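*Asks:* One structure is given below, represented as structure tokens, and several questions about it will come after.
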Amino acid sequence: MTQAKQRCLTVDQIGYPLNAKKSVISAGKSGTFEVIHSVTGKPVFQGETGPLQPDEAAGTAVCSGDFSALAEPGSYYVSLGDEISAPFVIADNPYKELHQGLLKAFYLFRCGCDLSEEYAGPWSHAACHLADGTVYDDSEVKLNSTGGWHDAGDYGQYTGPGAKAVADLLLAFELNPQAFRSPLPIPETDGITPDVLHECRYELEWLFKMQDDRTGGAFHKLTTKQFPALNVMPEDDLADLYFLPVSATATGCLAGVMAMASRVYRPFDEVFADRCLEAAKRAWQWLLDHPEVPGFKNPQDIGTGEYGDEQDLDERYWAAAELFRTTGDETYHTHFKALAAQQFPKYELGWADMGGYGTFAYLLQDSAKGDNALLNWLKDGLLEEADKLAAICTADGYGISLTSADYIWGSNMVVMNRAMLLLIAYHLSGNDKYEAMALDHIHYLMGRNPLDISYVTGYGDRPVMHPHHRPSVGDSVADPVPGLVAGGPNRGLNDDCMMEHLQGKAPAECFIDDELSYAGNEVTIYWNSPAVFVVSHFVK
Ligand code: 9MR
């Protein structure tokens, strides 16, 4: 557990793009600040902070100091009285390395293959989880289960969350291909297909295995019965694996992500694209054949993540949207229109609420497709959401779109999902206020937050060091596996470690960098993936 003194002056510990808005946020102190050049030690900019304003989420009064006018590349820190900030850079392309690191993390999450030293450095380890899995409700049936990414700090693999992660990465690639030009590298790097597609294919190949060949439905998850101890390396986790029963939410997610993949991979690999489309269509047929399905519940003897979700309309809506966008087939359009008329969140991007992906798929397709009235309605709704978020950003001391109530388990996913929505709103409207606000969300993630911490392992002056992540705990390397996004502050204090150390803290301070804090300091693929999306927008 790290208990460094919090600095009151916080900045993005990576830095700021040359021509972007730049500001330092100060908790409890206002006045004249200086930006100091790290090498010369000389002040290069002087300014006044705004007045201190109470910030409910941070539990203190904060103000900001603008130094946007400083547009000279270099390495700096800020001082105010006897306080100094973390160092940071001002650069033309400051997030390139961070972006590579966030994406490389998926390779480091891989299951079922050796992570060699060549690609994983000191975090290499032997292949894990190689045995066949047993179908939970038909124990005679054993199936190949290898591949894919571990979900999180545990070694479970879950269809819906995996689909969300792939969807974010493919969307990032569709909208910001320029950010994915450099090799990561990973073993498949070939200089032809971008590495992001190689990496997603690793998960997609596993997702095929999650489709029950007998019915086309998707198993909800593949896990052992209970979580292994926190220091168990993946290759030592040898308990039996089970394919847990098919669910409608998992099947909708599988149909959505496979239809999307079919579109994105077609220019690179037609055979693979056809396989994806076939899987998507079979999953869709399962959904049509099962219009009313109860949500997934863990059987009594299973203690791994449940990812329960009673509402499957949003996953069906996403699947219909992607199938329509990819095939142009009016049948899917008809289904999409009928689903769009139903009540469920249409702008959310969480593992439980996948409606936002359906809305994005419909809005981002070629303009000739789609129903004008529906397109306008969905776009107006999206911009309304973006404006609601923008209003929260304006009122928030740290410039992000979370209210106090939003600091929940995985709040950093909320932070990144909302920045994603702002960026899609920017893409569709051209309003650059949304883009600037999305960038503020990166600044928060990378250190400009009430705890002065970078929530990404290995990046920033004071990053998370003790994530609840089995390989980081179980290996003999001092540094955690890099590029992982921690869950973030959680006012629910849902674990004993948080309960013991964080009573009475303000919402945005309900975080402790301790490996035991699974409800705040765990890492997951679907917290990394929206971060890749958001950062990719700002990478040249
Ligand atoms: O990310 C999930 C979070 O939204 C839920 O509140 C929480 C409790 O149900 O579960 C989280 O998911 C965990 C999953 O169940 C198992 N793998 C680790 C996930 C992150 O903590």
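Numbering starts fresh at 1 for the residues of each chain in the structure tokens, the chains themselves are lettered A, B, ... in the order given, and ligands are numbered from 1 as they appear.
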As number ranges by chain, please: every protein or nucleic acid residue near ligand 1 (cut-off 7 Å, counting only C-alpha atoms and all ligand atoms).
*Replies:* A: 151-154, 156, 304-307, 409-410, 518-519, 522-524
*Asks:* Go through region 115-306 of chain A and collect every residue that DSSP, computed from the backbone, puts in strand (DSSP E); the answer should be as number ranges by chain.
*Replies:* A: 133-135, 142-143, 157-158, 218-223, 242-247
*Asks:* Please measure the separation of CA of Gly483 (chain A) and CA of Leu421 (chain A), giving the value in Å to one decimal.
*Replies:* 22.4 Å
*Asks:* Region 303-366 of chain A near region 164-185 of chain A within 12 Å: what's each residue's closest atom pair and its distance in Å to one decimal, counting only C-alpha atoms, ordered by chain then ascending residue number, as JSON lines?
*Replies:*
{"residue": "A:Glu315", "atom": "CA", "partner": "A:Lys164", "partner_atom": "CA", "distance": 10.7}
{"residue": "A:Trp318", "atom": "CA", "partner": "A:Ala167", "partner_atom": "CA", "distance": 10.8}
{"residue": "A:Ala319", "atom": "CA", "partner": "A:Ala167", "partner_atom": "CA", "distance": 11.7}
{"residue": "A:Glu322", "atom": "CA", "partner": "A:Ala167", "partner_atom": "CA", "distance": 10.8}
{"residue": "A:Glu348", "atom": "CA", "partner": "A:Lys164", "partner_atom": "CA", "distance": 11.4}
{"residue": "A:Leu349", "atom": "CA", "partner": "A:Lys164", "partner_atom": "CA", "distance": 7.8}
{"residue": "A:Gly350", "atom": "CA", "partner": "A:Lys164", "partner_atom": "CA", "distance": 7.6}
{"residue": "A:Trp351", "atom": "CA", "partner": "A:Lys164", "partner_atom": "CA", "distance": 6.2}
{"residue": "A:Ala352", "atom": "CA", "partner": "A:Lys164", "partner_atom": "CA", "distance": 9.5}
{"residue": "A:Asp353", "atom": "CA", "partner": "A:Lys164", "partner_atom": "CA", "distance": 9.9}
{"residue": "A:Met354", "atom": "CA", "partner": "A:Lys164", "partner_atom": "CA", "distance": 7.8}
{"residue": "A:Gly355", "atom": "CA", "partner": "A:Lys164", "partner_atom": "CA", "distance": 11.1}
{"residue": "A:Gly356", "atom": "CA", "partner": "A:Lys164", "partner_atom": "CA", "distance": 10.8}
{"residue": "A:Tyr357", "atom": "CA", "partner": "A:Ala167", "partner_atom": "CA", "distance": 8.0}
{"residue": "A:Gly358", "atom": "CA", "partner": "A:Ala167", "partner_atom": "CA", "distance": 10.8}
{"residue": "A:Phe360", "atom": "CA", "partner": "A:Leu171", "partner_atom": "CA", "distance": 9.4}
{"residue": "A:Ala361", "atom": "CA", "partner": "A:Leu171", "partner_atom": "CA", "distance": 9.3}
{"residue": "A:Leu364", "atom": "CA", "partner": "A:Leu175", "partner_atom": "CA", "distance": 9.5}
{"residue": "A:Gln365", "atom": "CA", "partner": "A:Glu174", "partner_atom": "CA", "distance": 11.2}
*Asks:* Write the residues you've just listed into a file as a compact mmCIF listing (two decimals), in the first residue's frame, and include N, CA and C atoms for each of them.
*Replies:*
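Ended up saving to selection39.txt:
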# COMPACT_ATOMS: atom_id res chain seq x y z
N GLU A 315 -28.94 -5.32 -25.68
CA GLU A 315 -28.01 -6.17 -26.42
C GLU A 315 -28.63 -6.58 -27.76
N TRP A 318 -28.33 -3.61 -30.05
CA TRP A 318 -26.96 -3.47 -30.59
C TRP A 318 -26.74 -4.48 -31.72
N ALA A 319 -27.15 -5.72 -31.48
CA ALA A 319 -26.95 -6.77 -32.49
C ALA A 319 -27.67 -6.41 -33.79
N GLU A 322 -25.78 -3.56 -35.65
CA GLU A 322 -24.53 -3.96 -36.31
C GLU A 322 -24.83 -4.86 -37.52
N GLU A 348 -25.78 4.28 -23.19
CA GLU A 348 -24.86 3.73 -22.20
C GLU A 348 -23.91 2.73 -22.85
N LEU A 349 -22.72 2.60 -22.27
CA LEU A 349 -21.69 1.74 -22.86
C LEU A 349 -21.10 0.79 -21.83
N GLY A 350 -21.87 0.44 -20.83
CA GLY A 350 -21.35 -0.44 -19.78
C GLY A 350 -21.55 -1.89 -20.18
N TRP A 351 -20.97 -2.82 -19.42
CA TRP A 351 -21.15 -4.23 -19.78
C TRP A 351 -22.61 -4.65 -19.64
N ALA A 352 -23.36 -3.95 -18.80
CA ALA A 352 -24.78 -4.31 -18.64
C ALA A 352 -25.66 -3.55 -19.62
N ASP A 353 -25.26 -2.36 -19.98
CA ASP A 353 -26.08 -1.50 -20.85
C ASP A 353 -25.33 -1.22 -22.13
N MET A 354 -25.62 -2.03 -23.14
CA MET A 354 -24.85 -1.95 -24.38
C MET A 354 -25.57 -1.13 -25.46
N GLY A 355 -26.67 -0.48 -25.07
CA GLY A 355 -27.48 0.26 -26.05
C GLY A 355 -26.70 1.31 -26.81
N GLY A 356 -25.75 1.95 -26.16
CA GLY A 356 -24.97 3.00 -26.82
C GLY A 356 -24.28 2.50 -28.08
N TYR A 357 -23.82 1.25 -28.04
CA TYR A 357 -23.14 0.71 -29.23
C TYR A 357 -24.12 0.57 -30.40
N GLY A 358 -25.37 0.23 -30.07
CA GLY A 358 -26.39 0.13 -31.11
C GLY A 358 -26.65 1.50 -31.72
N PHE A 360 -24.64 4.12 -31.69
CA PHE A 360 -23.48 4.56 -32.46
C PHE A 360 -23.44 3.86 -33.83
N ALA A 361 -23.70 2.55 -33.82
CA ALA A 361 -23.63 1.80 -35.09
C ALA A 361 -24.62 2.39 -36.09
N LEU A 364 -23.42 6.01 -37.15
CA LEU A 364 -22.13 6.12 -37.85
C LEU A 364 -22.14 5.45 -39.22
N GLN A 365 -23.26 4.81 -39.58
CA GLN A 365 -23.26 4.13 -40.87
C GLN A 365 -23.33 5.16 -42.01
*Asks:* If we count only C-alpha atoms and set the cut-off at 7 Å, which residues sit around Leu484 (chain A), ignoring sequence neighbours fewer than 4 positions away in its own chain? Please answer as JSON, numbers by chain.
*Replies:* {"A": [102, 105, 456, 457, 523, 528]}
*Asks:* With C-alpha atoms retained, could you export that selection as a tab-separated table (two decimals), in the first residue's frame?
*Replies:*
chain	number	residue	atom	x	y	z
A	102	LEU	CA	-3.07	0.72	-22.90
A	105	ALA	CA	-2.14	-4.46	-21.91
A	456	VAL	CA	-2.85	3.61	-15.24
A	457	THR	CA	-0.07	1.31	-14.02
A	523	VAL	CA	-8.20	-3.85	-13.35
A	528	ASN	CA	-8.82	-0.43	-20.49
*Asks:* Which residues are near Arg418 (chain A)? Cut-off 8 Å, only C-alpha atoms, ignore same chain within fewer than 2 positions. Put them as a PyMOL selection string.
*Replies:* chain A and resi 389+401+414-416+420-422+438
*Asks:* Residues at most 12 Å from Glu500 (chain A), counting only C-alpha atoms, excluding those fewer than 5 positions away in the same chain, as a PDB file with all heavy atoms, in the first residue's frame?
*Replies:*
ATOM      1  N   LEU A 493     -17.575   1.669  -1.099  1.00  0.00           N
ATOM      2  CA  LEU A 493     -16.579   0.964  -0.264  1.00  0.00           C
ATOM      3  C   LEU A 493     -16.909  -0.528  -0.173  1.00  0.00           C
ATOM      4  O   LEU A 493     -17.060  -1.076   0.918  1.00  0.00           O
ATOM      5  CB  LEU A 493     -16.525   1.557   1.151  1.00  0.00           C
ATOM      6  CG  LEU A 493     -16.300   3.064   1.308  1.00  0.00           C
ATOM      7  CD1 LEU A 493     -16.201   3.441   2.798  1.00  0.00           C
ATOM      8  CD2 LEU A 493     -15.060   3.549   0.574  1.00  0.00           C
ATOM      9  N   ASN A 494     -16.994  -1.188  -1.364  1.00  0.00           N
ATOM     10  CA  ASN A 494     -17.501  -2.563  -1.366  1.00  0.00           C
ATOM     11  C   ASN A 494     -16.495  -3.659  -1.018  1.00  0.00           C
ATOM     12  O   ASN A 494     -16.712  -4.826  -1.364  1.00  0.00           O
ATOM     13  CB  ASN A 494     -18.109  -2.892  -2.742  1.00  0.00           C
ATOM     14  CG  ASN A 494     -19.219  -1.950  -3.126  1.00  0.00           C
ATOM     15  OD1 ASN A 494     -19.001  -0.945  -3.788  1.00  0.00           O
ATOM     16  ND2 ASN A 494     -20.431  -2.256  -2.692  1.00  0.00           N
ATOM     17  N   ASP A 495     -15.385  -3.323  -0.398  1.00  0.00           N
ATOM     18  CA  ASP A 495     -14.520  -4.406   0.101  1.00  0.00           C
ATOM     19  C   ASP A 495     -13.997  -4.037   1.488  1.00  0.00           C
ATOM     20  O   ASP A 495     -14.070  -2.866   1.897  1.00  0.00           O
ATOM     21  CB  ASP A 495     -13.379  -4.725  -0.891  1.00  0.00           C
ATOM     22  CG  ASP A 495     -12.435  -3.556  -1.135  1.00  0.00           C
ATOM     23  OD1 ASP A 495     -11.941  -2.983  -0.145  1.00  0.00           O
ATOM     24  OD2 ASP A 495     -12.175  -3.217  -2.307  1.00  0.00           O
ATOM     25  N   LYS A 505     -14.599   9.399   3.703  1.00  0.00           N
ATOM     26  CA  LYS A 505     -13.937  10.137   2.612  1.00  0.00           C
ATOM     27  C   LYS A 505     -14.967  10.657   1.613  1.00  0.00           C
ATOM     28  O   LYS A 505     -16.040  10.066   1.432  1.00  0.00           O
ATOM     29  CB  LYS A 505     -12.982   9.207   1.855  1.00  0.00           C
ATOM     30  CG  LYS A 505     -11.829   8.722   2.686  1.00  0.00           C
ATOM     31  CD  LYS A 505     -10.647   9.638   2.515  1.00  0.00           C
ATOM     32  CE  LYS A 505      -9.436   9.091   3.234  1.00  0.00           C
ATOM     33  NZ  LYS A 505      -8.449  10.121   3.525  1.00  0.00           N
ATOM     34  N   CYS A 510     -12.498   7.974  -2.452  1.00  0.00           N
ATOM     35  CA  CYS A 510     -12.719   6.610  -1.949  1.00  0.00           C
ATOM     36  C   CYS A 510     -11.920   5.606  -2.764  1.00  0.00           C
ATOM     37  O   CYS A 510     -12.470   4.795  -3.533  1.00  0.00           O
ATOM     38  CB  CYS A 510     -14.204   6.267  -1.996  1.00  0.00           C
ATOM     39  SG  CYS A 510     -15.141   7.150  -0.749  1.00  0.00           S
ATOM     40  N   PHE A 511     -10.624   5.684  -2.624  1.00  0.00           N
ATOM     41  CA  PHE A 511      -9.739   4.801  -3.388  1.00  0.00           C
ATOM     42  C   PHE A 511      -8.492   4.552  -2.572  1.00  0.00           C
ATOM     43  O   PHE A 511      -7.956   5.468  -1.945  1.00  0.00           O
ATOM     44  CB  PHE A 511      -9.337   5.477  -4.705  1.00  0.00           C
ATOM     45  CG  PHE A 511      -8.342   4.669  -5.485  1.00  0.00           C
ATOM     46  CD1 PHE A 511      -8.758   3.658  -6.334  1.00  0.00           C
ATOM     47  CD2 PHE A 511      -6.976   4.903  -5.355  1.00  0.00           C
ATOM     48  CE1 PHE A 511      -7.827   2.892  -7.041  1.00  0.00           C
ATOM     49  CE2 PHE A 511      -6.042   4.144  -6.055  1.00  0.00           C
ATOM     50  CZ  PHE A 511      -6.477   3.137  -6.898  1.00  0.00           C
ATOM     51  N   ILE A 512      -8.007   3.310  -2.580  1.00  0.00           N
ATOM     52  CA  ILE A 512      -6.753   3.011  -1.902  1.00  0.00           C
ATOM     53  C   ILE A 512      -5.923   2.096  -2.802  1.00  0.00           C
ATOM     54  O   ILE A 512      -6.449   1.123  -3.379  1.00  0.00           O
ATOM     55  CB  ILE A 512      -7.004   2.404  -0.500  1.00  0.00           C
ATOM     56  CG1 ILE A 512      -5.681   2.131   0.208  1.00  0.00           C
ATOM     57  CG2 ILE A 512      -7.859   1.152  -0.542  1.00  0.00           C
ATOM     58  CD1 ILE A 512      -5.850   1.903   1.708  1.00  0.00           C
ATOM     59  N   ASP A 514      -4.135  -0.511  -2.877  1.00  0.00           N
ATOM     60  CA  ASP A 514      -3.832  -1.713  -2.093  1.00  0.00           C
ATOM     61  C   ASP A 514      -4.364  -2.914  -2.873  1.00  0.00           C
ATOM     62  O   ASP A 514      -5.503  -2.891  -3.364  1.00  0.00           O
ATOM     63  CB  ASP A 514      -4.543  -1.595  -0.741  1.00  0.00           C
ATOM     64  CG  ASP A 514      -4.129  -2.684   0.236  1.00  0.00           C
ATOM     65  OD1 ASP A 514      -4.181  -3.883  -0.146  1.00  0.00           O
ATOM     66  OD2 ASP A 514      -3.800  -2.351   1.374  1.00  0.00           O
ATOM     67  N   LEU A 516      -5.483  -5.581  -1.969  1.00  0.00           N
ATOM     68  CA  LEU A 516      -6.671  -6.241  -1.400  1.00  0.00           C
ATOM     69  C   LEU A 516      -7.968  -5.534  -1.779  1.00  0.00           C
ATOM     70  O   LEU A 516      -9.065  -6.057  -1.590  1.00  0.00           O
ATOM     71  CB  LEU A 516      -6.557  -6.297   0.128  1.00  0.00           C
ATOM     72  CG  LEU A 516      -5.403  -7.146   0.653  1.00  0.00           C
ATOM     73  CD1 LEU A 516      -5.359  -7.099   2.180  1.00  0.00           C
ATOM     74  CD2 LEU A 516      -5.544  -8.590   0.169  1.00  0.00           C
ATOM     75  N   SER A 517      -7.838  -4.320  -2.310  1.00  0.00           N
ATOM     76  CA  SER A 517      -9.039  -3.548  -2.604  1.00  0.00           C
ATOM     77  C   SER A 517      -9.606  -3.903  -3.969  1.00  0.00           C
ATOM     78  O   SER A 517      -9.411  -3.193  -4.958  1.00  0.00           O
ATOM     79  CB  SER A 517      -8.733  -2.050  -2.531  1.00  0.00           C
ATOM     80  OG  SER A 517      -9.915  -1.333  -2.824  1.00  0.00           O
TER      81      SER A 517
END
*Asks:* What lies within 6 Å of region 23-33 of chain A using only C-alpha atoms, ignoring chain neighbours under 6 positions off, as a CSV table (one decimal) with N, CA and C atoms, in the first residue's frame?
*Replies:*
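Result went into part-v3.csv, see below:
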chain,number,residue,atom,x,y,z
A,8,CYS,N,-1.3,19.1,-3.5
A,8,CYS,CA,-2.6,19.8,-3.8
A,8,CYS,C,-2.6,20.4,-5.2
A,9,LEU,N,-1.5,20.4,-5.9
A,9,LEU,CA,-1.5,20.9,-7.2
A,9,LEU,C,-1.4,19.7,-8.2
A,10,THR,N,-2.5,19.5,-8.9
A,10,THR,CA,-2.5,18.3,-9.8
A,10,THR,C,-2.6,18.6,-11.2
A,11,VAL,N,-1.8,17.8,-12.0
A,11,VAL,CA,-1.8,17.9,-13.4
A,11,VAL,C,-1.9,16.6,-14.1
A,46,GLN,N,3.6,32.6,-15.9
A,46,GLN,CA,3.1,33.0,-14.6
A,46,GLN,C,1.6,33.3,-14.8
A,47,GLY,N,0.7,32.9,-13.9
A,47,GLY,CA,-0.7,33.2,-14.0
A,47,GLY,C,-1.4,33.2,-12.6
A,48,GLU,N,-2.6,33.5,-12.6
A,48,GLU,CA,-3.4,33.5,-11.4
A,48,GLU,C,-4.4,32.4,-11.5
A,49,THR,N,-4.6,31.7,-10.4
A,49,THR,CA,-5.7,30.7,-10.4
A,49,THR,C,-7.0,31.4,-10.3
A,61,ALA,N,-12.5,22.6,-1.5
A,61,ALA,CA,-12.6,23.7,-2.5
A,61,ALA,C,-11.4,23.6,-3.4
A,62,VAL,N,-11.7,23.8,-4.7
A,62,VAL,CA,-10.6,23.7,-5.7
A,62,VAL,C,-10.7,24.9,-6.7
A,63,CYS,N,-9.6,25.2,-7.3
A,63,CYS,CA,-9.6,26.2,-8.4
A,63,CYS,C,-8.6,25.7,-9.5
A,64,SER,N,-8.7,26.4,-10.6
A,64,SER,CA,-7.8,26.0,-11.6
A,64,SER,C,-7.0,27.2,-12.2
A,65,GLY,N,-5.8,26.8,-12.7
A,65,GLY,CA,-4.9,27.8,-13.2
A,65,GLY,C,-4.6,27.5,-14.7
A,66,ASP,N,-5.0,28.4,-15.6
A,66,ASP,CA,-4.8,28.1,-17.0
A,66,ASP,C,-3.5,28.5,-17.5
A,67,PHE,N,-2.8,27.6,-18.2
A,67,PHE,CA,-1.6,28.0,-18.9
A,67,PHE,C,-1.6,27.6,-20.4
A,79,SER,N,4.4,25.4,-9.9
A,79,SER,CA,4.5,25.7,-8.4
A,79,SER,C,3.5,26.8,-8.0
A,80,LEU,N,3.1,26.7,-6.8
A,80,LEU,CA,2.2,27.7,-6.2
A,80,LEU,C,2.6,27.8,-4.7
*Asks:* Run DSSP on the backbone and grab whatever in region 280-381 of chain A lands in helix (DSSP H, G or I); send it over as a PyMOL selection string.
*Replies:* chain A and resi 280-289+313-327+330-340+355-364+372-381
*Asks:* Choose the residue, out of A:Leu197, A:Met413, A:Leu98, A:Leu374, that has the smallest atom-to-atom separation from Ser536 (chain A); count only C-alpha atoms.
*Replies:*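 Once distances to Ser536 (chain A) are computed over only C-alpha atoms, the minimum belongs to A:Leu98.
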*Asks:* Could you work out how far CA of His335 (chain A) lies from CA of Gln211 (chain A), giving the answer in Å with one decimal?
*Replies:* 22.1 Å
*Asks:* So that each row is one residue of region 430-529 of chain A with an atom at most 12 Å from region 379-383 of chain A, can you give its shortest atom pair and the distance in Å to one decimal, using only C-alpha atoms, rows by chain and rising number, as a Markdown table?
*Replies:*
| residue | atom | partner | partner_atom | distance |
| --- | --- | --- | --- | --- |
| A:Gly430 | CA | A:Leu383 | CA | 11.1 |
| A:Asn431 | CA | A:Leu383 | CA | 10.0 |
| A:Lys433 | CA | A:Leu383 | CA | 12.0 |
| A:Tyr434 | CA | A:Leu383 | CA | 9.8 |
*Asks:* With C-alpha atoms retained, write the just-selected residues as a JSON list (two decimals), in the first residue's frame.
*Replies:*
[["chain", "number", "residue", "atom", "x", "y", "z"],
["A", 430, "GLY", "CA", -18.31, 19.17, -34.98],
["A", 431, "ASN", "CA", -18.77, 21.03, -31.69],
["A", 433, "LYS", "CA", -16.42, 21.91, -26.77],
["A", 434, "TYR", "CA", -17.18, 18.18, -26.50]]
*Asks:* Using only C-alpha atoms, which residues sit within 12 Å of Lys369 (chain A) once same-chain residues fewer than 5 positions away are excluded, as an MDAnalysis selection string?
*Replies:* chainID A and resid 321 324:330 333 361:364 374:375
